[in-house]
file final15.csv (CSV, C-alpha atoms and all ligand atoms)
chain,number,residue,atom,x,y,z
D,20,MET,CA,-52.3,92.3,1.8
D,21,ASP,CA,-52.3,88.6,1.1
D,22,ASP,CA,-56.0,88.8,0.5
D,23,LEU,CA,-55.4,90.9,-2.6
D,24,ILE,CA,-53.5,88.3,-4.5
D,25,GLU,CA,-55.1,85.2,-3.1
D,26,ILE,CA,-56.6,83.1,-5.8
D,27,TRP,CA,-60.2,82.3,-4.8
D,28,THR,CA,-60.3,78.9,-6.6
D,29,GLU,CA,-57.6,77.8,-4.2
D,30,LYS,CA,-58.9,79.7,-1.2
D,31,TYR,CA,-62.3,78.1,-1.6
D,32,ARG,CA,-61.2,74.7,-2.9
D,33,PRO,CA,-63.1,72.1,-0.8
D,34,LYS,CA,-60.8,70.4,1.7
D,35,LYS,CA,-63.0,67.5,2.5
D,36,LEU,CA,-64.9,65.1,0.2
D,37,GLU,CA,-68.2,66.0,1.8
D,38,GLU,CA,-67.6,69.7,0.9
D,39,VAL,CA,-67.4,69.0,-2.8
D,40,ALA,CA,-70.5,70.2,-4.5
D,41,GLY,CA,-72.7,68.3,-6.8
D,42,GLN,CA,-70.7,65.0,-7.1
D,43,ASP,CA,-72.3,63.0,-4.3
D,44,ASN,CA,-72.2,59.8,-6.2
D,45,ILE,CA,-68.5,60.0,-6.5
D,46,THR,CA,-67.6,61.4,-3.1
D,47,ASN,CA,-69.7,58.7,-1.4
D,48,ARG,CA,-67.8,56.0,-3.2
D,49,LEU,CA,-64.5,57.6,-2.4
D,50,SER,CA,-65.5,58.0,1.2
D,51,ALA,CA,-66.2,54.3,1.4
D,52,PHE,CA,-62.6,53.6,0.2
D,53,VAL,CA,-61.3,56.0,2.9
D,54,LYS,CA,-63.2,54.0,5.5
D,55,GLU,CA,-61.8,50.7,4.3
D,56,LYS,CA,-58.3,52.2,3.9
D,57,THR,CA,-58.1,50.6,0.5
D,58,LEU,CA,-58.0,52.0,-3.0
D,59,PRO,CA,-58.1,50.6,-6.5
D,60,ASN,CA,-56.5,52.4,-9.4
D,61,ILE,CA,-58.9,55.1,-10.5
D,62,LEU,CA,-59.8,57.0,-13.6
D,63,PHE,CA,-61.5,60.4,-13.2
D,64,ALA,CA,-63.2,61.5,-16.4
D,65,GLY,CA,-65.1,64.8,-17.0
D,66,SER,CA,-64.9,68.3,-18.3
D,67,ALA,CA,-62.8,71.2,-16.8
D,68,GLY,CA,-63.3,72.8,-13.4
D,69,ILE,CA,-65.8,70.4,-11.8
D,70,GLY,CA,-63.8,68.8,-9.0
D,71,LYS,CA,-61.5,66.1,-10.3
D,72,THR,CA,-58.2,67.4,-8.8
D,73,THR,CA,-60.2,68.6,-5.8
D,74,CYS,CA,-61.5,65.2,-5.0
D,75,ALA,CA,-58.1,63.6,-5.5
D,76,ILE,CA,-56.5,66.0,-3.0
D,77,ALA,CA,-59.4,65.7,-0.5
D,78,LEU,CA,-59.2,61.9,-0.7
D,79,ALA,CA,-55.4,62.0,0.0
D,80,LYS,CA,-56.0,64.3,3.0
D,81,GLU,CA,-58.7,62.0,4.4
D,82,LEU,CA,-56.6,58.9,3.9
D,83,TYR,CA,-53.3,60.2,5.2
D,84,GLY,CA,-54.1,63.2,7.5
D,85,ASP,CA,-51.5,65.9,8.0
D,86,MET,CA,-48.8,63.9,6.3
D,87,TRP,CA,-50.7,63.6,3.1
D,88,HIS,CA,-48.0,65.4,1.1
D,89,ARG,CA,-45.5,62.6,1.7
D,90,ASN,CA,-47.7,60.0,0.2
D,91,PHE,CA,-49.3,62.0,-2.6
D,92,MET,CA,-47.7,63.2,-5.8
D,93,GLU,CA,-49.5,65.3,-8.4
D,94,THR,CA,-48.1,65.6,-11.9
D,95,ASN,CA,-49.3,66.7,-15.2
D,96,ALA,CA,-49.0,64.5,-18.3
D,97,SER,CA,-49.8,67.2,-20.9
D,98,ASP,CA,-46.4,68.7,-21.7
D,99,GLU,CA,-44.2,67.0,-24.3
D,100,ARG,CA,-42.2,65.5,-21.5
D,101,GLY,CA,-45.2,63.2,-21.0
D,102,ILE,CA,-43.3,60.0,-21.5
D,103,SER,CA,-40.3,61.0,-19.4
D,104,VAL,CA,-42.6,62.1,-16.5
D,105,VAL,CA,-44.1,58.6,-16.5
D,106,ARG,CA,-40.7,56.9,-16.8
D,107,THR,CA,-38.7,58.9,-14.2
D,108,THR,CA,-40.6,61.2,-11.9
D,109,ILE,CA,-43.3,58.6,-11.1
D,110,LYS,CA,-40.8,55.8,-10.7
D,111,ASP,CA,-38.7,57.9,-8.3
D,112,PHE,CA,-41.7,58.6,-6.2
D,113,ALA,CA,-43.1,55.1,-6.4
D,114,ARG,CA,-39.8,53.5,-5.4
D,115,VAL,CA,-39.8,55.2,-1.9
D,116,LYS,CA,-41.8,53.3,0.7
D,117,PRO,CA,-45.2,54.7,1.7
D,118,PHE,CA,-45.1,56.8,4.9
D,119,GLY,CA,-47.2,55.2,7.6
D,120,ALA,CA,-49.6,53.7,5.1
D,121,ALA,CA,-50.0,50.7,2.8
D,122,PHE,CA,-49.8,52.6,-0.4
D,123,LYS,CA,-49.0,56.0,-1.9
D,124,ILE,CA,-51.0,57.9,-4.5
D,125,VAL,CA,-49.8,59.2,-7.9
D,126,PHE,CA,-52.3,61.7,-9.3
D,127,LEU,CA,-51.7,62.1,-13.0
D,128,ASP,CA,-53.6,65.0,-14.6
D,129,GLU,CA,-54.5,65.3,-18.3
D,130,CYS,CA,-53.8,61.7,-19.1
D,131,ASP,CA,-55.6,61.9,-22.4
D,132,ALA,CA,-52.7,64.0,-23.6
D,133,LEU,CA,-50.4,61.1,-23.4
D,134,THR,CA,-49.5,59.3,-26.6
D,135,PRO,CA,-50.5,55.6,-26.9
D,136,GLU,CA,-46.8,54.7,-26.4
D,137,ALA,CA,-46.6,56.8,-23.2
D,138,GLN,CA,-49.8,55.2,-22.0
D,139,GLN,CA,-48.2,51.8,-22.5
D,140,ALA,CA,-45.3,52.9,-20.4
D,141,LEU,CA,-47.7,54.2,-17.8
D,142,ARG,CA,-49.5,50.8,-17.8
D,143,ARG,CA,-46.2,49.0,-17.2
D,144,THR,CA,-45.3,51.4,-14.4
D,145,MET,CA,-48.8,50.9,-12.8
D,146,GLU,CA,-48.2,47.2,-12.8
D,147,LYS,CA,-44.6,47.3,-11.5
D,148,TYR,CA,-45.5,49.3,-8.4
D,149,THR,CA,-48.9,47.8,-7.9
D,150,ARG,CA,-48.0,46.7,-4.3
D,151,THR,CA,-47.2,50.2,-3.0
D,152,THR,CA,-48.8,52.7,-5.3
D,153,ARG,CA,-52.2,53.6,-6.5
D,154,PHE,CA,-52.8,55.7,-9.5
D,155,ILE,CA,-55.5,58.3,-10.0
D,156,LEU,CA,-55.6,59.2,-13.6
D,157,SER,CA,-57.6,62.3,-14.6
D,158,CYS,CA,-58.8,63.1,-18.1
D,159,ASN,CA,-61.5,64.9,-20.1
D,160,TYR,CA,-62.3,62.0,-22.3
D,161,SER,CA,-61.9,58.4,-21.1
D,162,SER,CA,-62.2,57.1,-24.7
D,163,LYS,CA,-58.7,58.6,-25.4
D,164,LEU,CA,-57.1,56.1,-23.0
D,165,ILE,CA,-56.0,52.8,-24.3
D,166,PRO,CA,-58.2,49.8,-23.2
D,167,PRO,CA,-55.6,48.1,-21.0
D,168,ILE,CA,-55.5,51.3,-18.8
D,169,GLN,CA,-59.3,51.7,-18.8
D,170,SER,CA,-59.7,48.1,-17.7
D,171,ARG,CA,-57.2,48.5,-14.9
D,172,CYS,CA,-59.1,51.4,-13.3
D,173,ALA,CA,-62.4,52.0,-11.5
D,174,ILE,CA,-63.9,54.7,-13.6
D,175,PHE,CA,-65.6,57.8,-12.0
D,176,ARG,CA,-67.5,60.0,-14.3
D,177,PHE,CA,-67.8,63.6,-13.1
D,178,LYS,CA,-70.7,65.6,-14.5
D,179,PRO,CA,-70.8,69.4,-15.1
D,180,LEU,CA,-72.3,71.1,-12.0
D,181,GLU,CA,-75.9,72.0,-11.8
D,182,ASP,CA,-76.6,75.8,-11.7
D,183,ALA,CA,-78.1,75.3,-8.3
D,184,ASP,CA,-74.8,73.9,-7.0
D,185,VAL,CA,-72.7,76.7,-8.6
D,186,LYS,CA,-75.1,79.3,-7.2
D,187,LYS,CA,-74.7,78.0,-3.7
D,188,SER,CA,-71.0,78.1,-3.8
D,189,ILE,CA,-70.9,81.5,-5.4
D,190,GLU,CA,-73.3,82.8,-2.8
D,191,LYS,CA,-71.0,81.6,0.0
D,192,ILE,CA,-68.0,83.4,-1.5
D,193,VAL,CA,-70.0,86.6,-2.1
D,194,LYS,CA,-71.0,86.6,1.6
D,195,ASN,CA,-67.6,85.8,2.8
D,196,GLU,CA,-65.9,88.4,0.7
D,197,GLY,CA,-68.4,91.1,1.7
D,198,LEU,CA,-69.8,91.5,-1.8
D,199,GLU,CA,-73.2,91.9,-3.2
D,200,ILE,CA,-74.6,90.5,-6.4
D,201,THR,CA,-77.8,91.2,-8.2
D,202,ASP,CA,-80.1,88.3,-9.4
D,203,LYS,CA,-79.2,89.2,-12.9
D,204,GLY,CA,-75.5,89.2,-12.0
D,205,MET,CA,-75.8,85.8,-10.5
D,206,ASN,CA,-77.6,84.5,-13.6
D,207,ALA,CA,-74.9,85.9,-15.8
D,208,ILE,CA,-72.2,84.1,-13.8
D,209,LEU,CA,-74.2,80.8,-14.1
D,210,LEU,CA,-74.6,81.4,-17.9
D,211,VAL,CA,-70.9,82.1,-18.4
D,212,ALA,CA,-69.8,79.2,-16.2
D,213,GLU,CA,-71.8,76.5,-17.9
D,214,GLY,CA,-71.4,74.1,-15.0
D,215,ASP,CA,-67.6,74.8,-14.7
D,216,MET,CA,-67.1,75.9,-11.0
D,217,ARG,CA,-63.5,77.1,-11.7
D,218,ARG,CA,-64.8,79.5,-14.4
D,219,ALA,CA,-67.6,80.7,-12.1
D,220,VAL,CA,-65.2,81.5,-9.2
D,221,ASN,CA,-62.6,83.1,-11.5
D,222,THR,CA,-65.2,85.3,-13.1
D,223,LEU,CA,-66.5,86.4,-9.7
D,224,GLN,CA,-63.0,87.3,-8.6
D,225,SER,CA,-62.2,89.3,-11.7
D,226,VAL,CA,-65.4,91.2,-11.4
D,227,ALA,CA,-64.9,91.8,-7.7
D,228,ILE,CA,-61.6,93.7,-8.3
D,229,THR,CA,-63.6,96.7,-9.6
D,230,ALA,CA,-67.2,96.2,-8.3
D,231,LYS,CA,-68.4,95.4,-4.8
D,232,LYS,CA,-72.0,95.2,-6.0
D,233,ILE,CA,-72.0,92.9,-8.9
D,234,THR,CA,-74.3,93.3,-11.9
D,235,ASP,CA,-74.7,91.3,-15.1
D,236,GLU,CA,-73.0,94.2,-17.0
D,237,ASP,CA,-69.9,93.7,-14.8
D,238,VAL,CA,-69.9,90.0,-15.4
D,239,TYR,CA,-70.3,90.2,-19.2
D,240,SER,CA,-67.6,92.9,-19.4
D,241,VAL,CA,-65.0,90.6,-17.9
D,242,ALA,CA,-66.2,87.3,-19.1
D,243,ALA,CA,-65.3,87.5,-22.8
D,244,SER,CA,-68.9,86.6,-23.5
D,245,LEU,CA,-71.7,88.0,-25.5
D,246,ARG,CA,-74.8,88.9,-23.5
D,247,PRO,CA,-77.9,87.0,-24.5
D,248,ASP,CA,-79.7,90.2,-25.6
D,249,GLU,CA,-76.7,91.2,-27.7
D,250,VAL,CA,-76.8,87.9,-29.5
D,251,LYS,CA,-80.5,88.2,-30.1
D,252,ASP,CA,-80.1,91.8,-31.5
D,253,ILE,CA,-77.4,90.9,-33.9
D,254,LEU,CA,-79.1,87.7,-35.2
D,255,ASN,CA,-82.4,89.5,-35.5
D,256,LEU,CA,-80.9,92.3,-37.5
D,257,ALA,CA,-79.3,89.8,-39.8
D,258,LEU,CA,-82.4,87.7,-40.1
D,259,ASN,CA,-84.3,90.9,-41.0
D,260,LYS,CA,-81.8,91.4,-43.9
D,261,GLN,CA,-80.2,94.4,-42.1
D,262,PHE,CA,-76.8,92.9,-42.8
D,263,ILE,CA,-74.7,96.0,-42.6
D,264,GLU,CA,-76.2,97.0,-39.2
D,265,ALA,CA,-75.7,93.5,-37.8
D,266,ARG,CA,-72.1,93.5,-39.0
D,267,LYS,CA,-71.5,96.8,-37.4
D,268,LYS,CA,-73.0,95.8,-34.1
D,269,LEU,CA,-71.0,92.6,-34.0
D,270,ALA,CA,-67.8,94.4,-34.9
D,271,ASP,CA,-68.4,96.9,-32.1
D,272,VAL,CA,-68.9,94.4,-29.4
D,273,MET,CA,-66.1,92.3,-30.5
D,274,LEU,CA,-63.8,95.3,-30.4
D,275,VAL,CA,-65.0,96.9,-27.2
D,276,ARG,CA,-65.1,93.6,-25.3
D,277,GLY,CA,-62.1,92.1,-26.9
D,278,LEU,CA,-64.0,89.0,-28.0
D,279,SER,CA,-62.5,86.4,-30.2
D,280,GLY,CA,-64.5,84.8,-33.1
D,281,LEU,CA,-64.7,81.6,-31.0
D,282,ASP,CA,-66.2,83.6,-28.0
D,283,VAL,CA,-68.8,84.9,-30.4
D,284,ILE,CA,-69.6,81.5,-31.8
D,285,LYS,CA,-70.0,80.1,-28.4
D,286,GLY,CA,-72.4,83.0,-27.4
D,287,ILE,CA,-74.5,82.5,-30.5
D,288,HIS,CA,-74.6,78.8,-30.0
D,289,ARG,CA,-75.9,79.3,-26.5
D,290,GLU,CA,-78.8,81.5,-27.6
D,291,LEU,CA,-79.7,79.8,-30.9
D,292,LEU,CA,-82.0,77.2,-29.5
D,293,ASP,CA,-84.1,79.8,-27.8
D,294,LEU,CA,-84.4,82.0,-30.8
D,295,ASP,CA,-87.8,82.6,-32.1
D,296,ILE,CA,-87.4,81.2,-35.6
D,297,ASP,CA,-88.6,78.1,-37.3
D,298,GLU,CA,-86.8,74.8,-36.7
D,299,ARG,CA,-85.5,74.4,-40.2
D,300,LYS,CA,-83.7,77.7,-40.0
D,301,LYS,CA,-82.3,76.9,-36.6
D,302,ALA,CA,-80.9,73.6,-38.0
D,303,ILE,CA,-79.3,75.5,-40.9
D,304,LEU,CA,-77.8,78.1,-38.5
D,305,ILE,CA,-76.3,75.5,-36.2
D,306,ASP,CA,-74.8,73.7,-39.2
D,307,LYS,CA,-73.3,77.0,-40.5
D,308,LEU,CA,-72.0,77.8,-37.0
D,309,GLY,CA,-70.1,74.6,-36.9
D,310,GLU,CA,-68.6,75.2,-40.3
D,311,TYR,CA,-67.4,78.7,-39.3
D,312,GLU,CA,-66.0,77.5,-36.0
D,313,PHE,CA,-64.0,74.9,-38.0
D,314,ARG,CA,-62.8,77.6,-40.4
D,315,ILE,CA,-61.6,79.8,-37.5
D,316,VAL,CA,-59.9,76.9,-35.8
D,317,GLU,CA,-58.2,76.1,-39.1
D,318,GLY,CA,-56.8,79.6,-39.2
D,319,GLY,CA,-59.4,81.7,-41.1
D,320,THR,CA,-59.5,85.4,-40.2
D,321,GLU,CA,-61.9,85.8,-37.3
D,322,ASP,CA,-63.6,89.1,-38.4
D,323,LEU,CA,-64.0,87.9,-41.9
D,324,GLN,CA,-65.4,84.5,-40.9
D,325,MET,CA,-68.0,86.1,-38.5
D,326,GLU,CA,-69.0,88.5,-41.2
D,327,ALA,CA,-69.4,85.7,-43.7
D,328,PHE,CA,-71.6,83.9,-41.1
D,329,LEU,CA,-73.8,86.9,-40.7
D,330,ALA,CA,-74.1,87.2,-44.4
D,331,GLN,CA,-75.3,83.6,-44.5
D,332,VAL,CA,-77.9,84.4,-41.8
D,333,SER,CA,-79.2,87.3,-43.8
D,334,THR,CA,-79.8,85.2,-46.9
D,335,LEU,CA,-81.9,82.6,-45.0
D,401,LIG,N1,-67.5,70.2,-7.2
D,401,LIG,C1,-66.9,71.3,-6.8
D,401,LIG,N2,-67.3,71.8,-5.6
D,401,LIG,C2,-66.8,73.0,-5.1
D,401,LIG,N3,-65.8,73.7,-5.8
D,401,LIG,C3,-65.4,73.2,-6.9
D,401,LIG,C4,-65.9,72.0,-7.5
D,401,LIG,N4,-65.3,71.7,-8.7
D,401,LIG,C5,-64.4,72.7,-8.8
D,401,LIG,N5,-64.4,73.6,-7.8
D,401,LIG,C6,-63.6,74.8,-7.7
D,401,LIG,O1,-62.9,75.0,-8.9
D,401,LIG,C7,-61.5,74.8,-8.7
D,401,LIG,C8,-60.9,73.9,-9.8
D,401,LIG,O2,-61.4,72.6,-9.6
D,401,LIG,P1,-60.6,71.3,-9.9
D,401,LIG,O3,-59.1,71.6,-9.9
D,401,LIG,O4,-61.1,70.2,-9.0
D,401,LIG,O5,-61.0,71.0,-11.4
D,401,LIG,P2,-60.8,69.8,-12.3
D,401,LIG,O6,-62.1,69.0,-12.5
D,401,LIG,O7,-59.6,69.0,-11.9
D,401,LIG,O8,-60.5,70.5,-13.7
D,401,LIG,P3,-59.4,70.2,-14.9
D,401,LIG,O9,-60.0,69.2,-15.8
D,401,LIG,O10,-59.3,71.5,-15.6
D,401,LIG,O11,-58.1,69.8,-14.2
D,401,LIG,C9,-61.4,74.3,-7.3
D,401,LIG,O12,-60.2,74.8,-6.7
D,401,LIG,C10,-62.6,74.8,-6.6
D,401,LIG,O13,-62.4,76.1,-6.2
D,402,MG,MG,-57.6,69.1,-12.5
call {"tool": "encode", "arguments": {"input": "final15.csv", "output": "C-alpha cells", "more": "lines below"}}
Ligand SMILES: Nc1ncnc2c1ncn2[C@@H]1O[C@H](COP(=O)(O)OP(=O)(O)OP(=O)(O)O)[C@@H](O)[C@H]1O
Ligand SMILES: [Mg+2]
result
Amino acid sequence: MDDLIEIWTEKYRPKKLEEVAGQDNITNRLSAFVKEKTLPNILFAGSAGIGKTTCAIALAKELYGDMWHRNFMETNASDERGISVVRTTIKDFARVKPFGAAFKIVFLDECDALTPEAQQALRRTMEKYTRTTRFILSCNYSSKLIPPIQSRCAIFRFKPLEDADVKKSIEKIVKNEGLEITDKGMNAILLVAEGDMRRAVNTLQSVAITAKKITDEDVYSVAASLRPDEVKDILNLALNKQFIEARKKLADVMLVRGLSGLDVIKGIHRELLDLDIDERKKAILIDKLGEYEFRIVEGGTEDLQMEAFLAQVSTL
C-alpha cells in the first residue's frame, strides 16, 4: 500500500554524497570537509531540483551518522515570517550544544527571499553562534544576497544536470519500479525536465500512475508542455499566414492539455532556435515572445495574448 503514495523524489533522493548525480565538483569538496570534520559557512547557489537540499542532508548524514537529526536543522526563509525564523527558531536551535560533534548545521533554504534587513539579522546570528554552528544557505541567485553574507561563505555553484545524468537516474527508477519507457518517451522526459531532476522524477511518477510502458505521448499529456512537433506546426501555420488555423490549433491544445500561456511560451521558446527560418525573423520572434511573456505575467489575458503573438508571427 505504502508504495502507492510514496513520493519518488524522496524515495530516490541520494543518501550519500557520492550518489549525487552530476555535481562531482561539489560533492568532492564536501567530502573533503567530512574527512577533516570541519566546515566553513556555505552558500549553495543554483536552479531548482538539482541537488542543493540533497547535498546538505547527505553531508549531515556523513558528518554525524545516525544521530544527524540532532545536529541538523532545515528551515525555509521564503515565507513572510523570514525575519522571525532567523531571529527565533535558528537561535533556539543554535543555543543548544552540538550532540557529540564540534558544531551543528543550520540549513536555510530560499535565502534569496529574505529582505536585506532579514539578511542583516541572519549575518549577526551567523556571527554570534560561530563557535558552535555552521550555516548552509541555499538560494537560486547568489547575487540577491548582501555582500557581507556572500563574503562569509564558501560559495558552491550547482549546475543544471546534463541530460545523460538525468537519463541514468530515470533509467534506474524505471527498472526498479518495473516500468518500461520508449526512447522517445525518455527524450520527452529530458526535454520537459531541462536539467531539473526533481521535475524529471515527478513527471515519471505522474505518468507511471496510468502507463506501465511510457511513451512520449504519455509524458507530454501530463507535463503541461507543448510537444516539439505541435510547436512547429503552429508556428509554421502562422508563418504561412494561416493565422486562423494556427489560432485554432493553439486554442485546442491549450484547452485539451490545460496549458497556461506561460507553458506555451516556454514550449515555443524551446523550439524557436531550431526553427527553419532566417535569423532575423528568429530574433524578432524571441523579442516578441519576451514581450508577451511580460504582458501575461503583468496580468494580460492568456488566450488573448497568445493570439496576439500568433498574429504578430503571421505578419512577419
Ligand atoms: N544531483 C542529483 N542527483 C540525483 N537526484 C537528484 C539530484 N538533484 C535532485 N535530485 C532529485 O530531485 C529531488 C529534489 O532535489 P533537491 O531537493 O536536492 O533540489 P534543490 O536543488 O534543493 O532544489 P530547490 O532549489 O527547489 O530547493 C531529490 O529528492 C532527488 O530525488
Ligand atoms: Mg532545496
call {"tool": "closest_atom_pairs", "arguments": {"input": "final15.csv", "of": "chain D", "to": "ligand MG 402 (chain D)", "cutoff": "8 Å", "atoms": "all atoms listed in the file", "output": "Markdown table"}}
result
| residue | atom | partner | partner_atom | distance |
| --- | --- | --- | --- | --- |
| D:Ala67 | CA | D:MG402 | MG | 7.1 |
| D:Gly68 | CA | D:MG402 | MG | 6.9 |
| D:Gly70 | CA | D:MG402 | MG | 7.1 |
| D:Lys71 | CA | D:MG402 | MG | 5.4 |
| D:Thr72 | CA | D:MG402 | MG | 4.1 |
| D:Thr73 | CA | D:MG402 | MG | 7.2 |
| D:Asp128 | CA | D:MG402 | MG | 6.1 |
| D:Glu129 | CA | D:MG402 | MG | 7.6 |
| D:Ser157 | CA | D:MG402 | MG | 7.1 |
call {"tool": "atom_distance", "arguments": {"input": "final15.csv", "atom1": "CA of Gln324 in chain D", "atom2": "CA of Glu312 in chain D"}}
result
8.6 Å
call {"tool": "residues_near_ligand", "arguments": {"input": "final15.csv", "ligand": "ligand LIG 401 (chain D)", "cutoff": "7 Å", "atoms": "only C-alpha atoms and all ligand atoms", "output": "ChimeraX atom specification"}}
result
/D:27-29,31-33,38-42,65-74,128,158-159,180,188,216-217,220
call {"tool": "closest_atom_pairs", "arguments": {"input": "final15.csv", "of": "range 216-261 of chain D", "to": "range 276-284 of chain D", "cutoff": "9 Å", "atoms": "only C-alpha atoms", "output": "Markdown table"}}
result
| residue | atom | partner | partner_atom | distance |
| --- | --- | --- | --- | --- |
| D:Tyr239 | CA | D:Arg276 | CA | 8.7 |
| D:Ser240 | CA | D:Arg276 | CA | 6.4 |
| D:Val241 | CA | D:Arg276 | CA | 8.0 |
| D:Ala242 | CA | D:Arg276 | CA | 8.9 |
| D:Ala243 | CA | D:Leu278 | CA | 5.6 |
| D:Ser244 | CA | D:Asp282 | CA | 6.0 |
| D:Leu245 | CA | D:Val283 | CA | 6.5 |
| D:Val250 | CA | D:Val283 | CA | 8.6 |
call {"tool": "residues_around", "arguments": {"input": "final15.csv", "residues": "range 86-90 of chain D", "least_positions_apart": "6", "cutoff": "8 Å", "atoms": "all atoms listed in the file", "output": "VMD selection string"}}
result
chain D and resid 79 to 80 117 to 118 122 to 124
call {"tool": "write_last_selection", "arguments": {"input": "final15.csv", "atoms": "C-alpha atoms", "output": "tab-separated table (two decimals), keeping the file's coordinate frame"}}
result
chain	number	residue	atom	x	y	z
D	79	ALA	CA	-55.40	62.00	0.00
D	80	LYS	CA	-56.00	64.30	3.00
D	117	PRO	CA	-45.20	54.70	1.70
D	118	PHE	CA	-45.10	56.80	4.90
D	122	PHE	CA	-49.80	52.60	-0.40
D	123	LYS	CA	-49.00	56.00	-1.90
D	124	ILE	CA	-51.00	57.90	-4.50
call {"tool": "build_atoms", "arguments": {"input": "final15.csv", "residues": "range 266-280 of chain D", "atoms": "N, CA and C atoms", "output": "PDB file, in the coordinates of the input"}}
result
ATOM      1  N   ARG D 266     -73.588  93.577 -38.918  1.00  0.00           N
ATOM      2  CA  ARG D 266     -72.100  93.500 -39.000  1.00  0.00           C
ATOM      3  C   ARG D 266     -71.473  94.542 -38.121  1.00  0.00           C
ATOM      4  N   LYS D 267     -72.033  95.758 -38.173  1.00  0.00           N
ATOM      5  CA  LYS D 267     -71.500  96.800 -37.400  1.00  0.00           C
ATOM      6  C   LYS D 267     -71.583  96.561 -35.901  1.00  0.00           C
ATOM      7  N   LYS D 268     -72.765  96.108 -35.529  1.00  0.00           N
ATOM      8  CA  LYS D 268     -73.000  95.800 -34.100  1.00  0.00           C
ATOM      9  C   LYS D 268     -72.056  94.744 -33.602  1.00  0.00           C
ATOM     10  N   LEU D 269     -71.907  93.700 -34.391  1.00  0.00           N
ATOM     11  CA  LEU D 269     -71.000  92.600 -34.000  1.00  0.00           C
ATOM     12  C   LEU D 269     -69.564  93.114 -33.886  1.00  0.00           C
ATOM     13  N   ALA D 270     -69.146  93.866 -34.913  1.00  0.00           N
ATOM     14  CA  ALA D 270     -67.800  94.400 -34.900  1.00  0.00           C
ATOM     15  C   ALA D 270     -67.542  95.252 -33.672  1.00  0.00           C
ATOM     16  N   ASP D 271     -68.536  96.069 -33.322  1.00  0.00           N
ATOM     17  CA  ASP D 271     -68.400  96.900 -32.100  1.00  0.00           C
ATOM     18  C   ASP D 271     -68.206  96.134 -30.869  1.00  0.00           C
ATOM     19  N   VAL D 272     -69.091  95.151 -30.638  1.00  0.00           N
ATOM     20  CA  VAL D 272     -68.900  94.400 -29.400  1.00  0.00           C
ATOM     21  C   VAL D 272     -67.655  93.606 -29.338  1.00  0.00           C
ATOM     22  N   MET D 273     -67.301  93.058 -30.497  1.00  0.00           N
ATOM     23  CA  MET D 273     -66.100  92.300 -30.500  1.00  0.00           C
ATOM     24  C   MET D 273     -64.874  93.161 -30.134  1.00  0.00           C
ATOM     25  N   LEU D 274     -64.874  94.373 -30.662  1.00  0.00           N
ATOM     26  CA  LEU D 274     -63.800  95.300 -30.400  1.00  0.00           C
ATOM     27  C   LEU D 274     -63.752  95.777 -28.967  1.00  0.00           C
ATOM     28  N   VAL D 275     -64.901  96.293 -28.536  1.00  0.00           N
ATOM     29  CA  VAL D 275     -65.000  96.900 -27.200  1.00  0.00           C
ATOM     30  C   VAL D 275     -64.679  95.848 -26.124  1.00  0.00           C
ATOM     31  N   ARG D 276     -65.235  94.667 -26.315  1.00  0.00           N
ATOM     32  CA  ARG D 276     -65.100  93.600 -25.300  1.00  0.00           C
ATOM     33  C   ARG D 276     -63.892  92.743 -25.491  1.00  0.00           C
ATOM     34  N   GLY D 277     -63.210  92.925 -26.624  1.00  0.00           N
ATOM     35  CA  GLY D 277     -62.100  92.100 -26.900  1.00  0.00           C
ATOM     36  C   GLY D 277     -62.438  90.617 -27.103  1.00  0.00           C
ATOM     37  N   LEU D 278     -63.563  90.378 -27.768  1.00  0.00           N
ATOM     38  CA  LEU D 278     -64.000  89.000 -28.000  1.00  0.00           C
ATOM     39  C   LEU D 278     -63.345  88.374 -29.176  1.00  0.00           C
ATOM     40  N   SER D 279     -63.035  87.115 -29.076  1.00  0.00           N
ATOM     41  CA  SER D 279     -62.500  86.400 -30.200  1.00  0.00           C
ATOM     42  C   SER D 279     -63.698  85.841 -31.034  1.00  0.00           C
ATOM     43  N   GLY D 280     -63.422  85.412 -32.246  1.00  0.00           N
ATOM     44  CA  GLY D 280     -64.500  84.800 -33.100  1.00  0.00           C
ATOM     45  C   GLY D 280     -65.078  83.601 -32.356  1.00  0.00           C
TER      46      GLY D 280
END
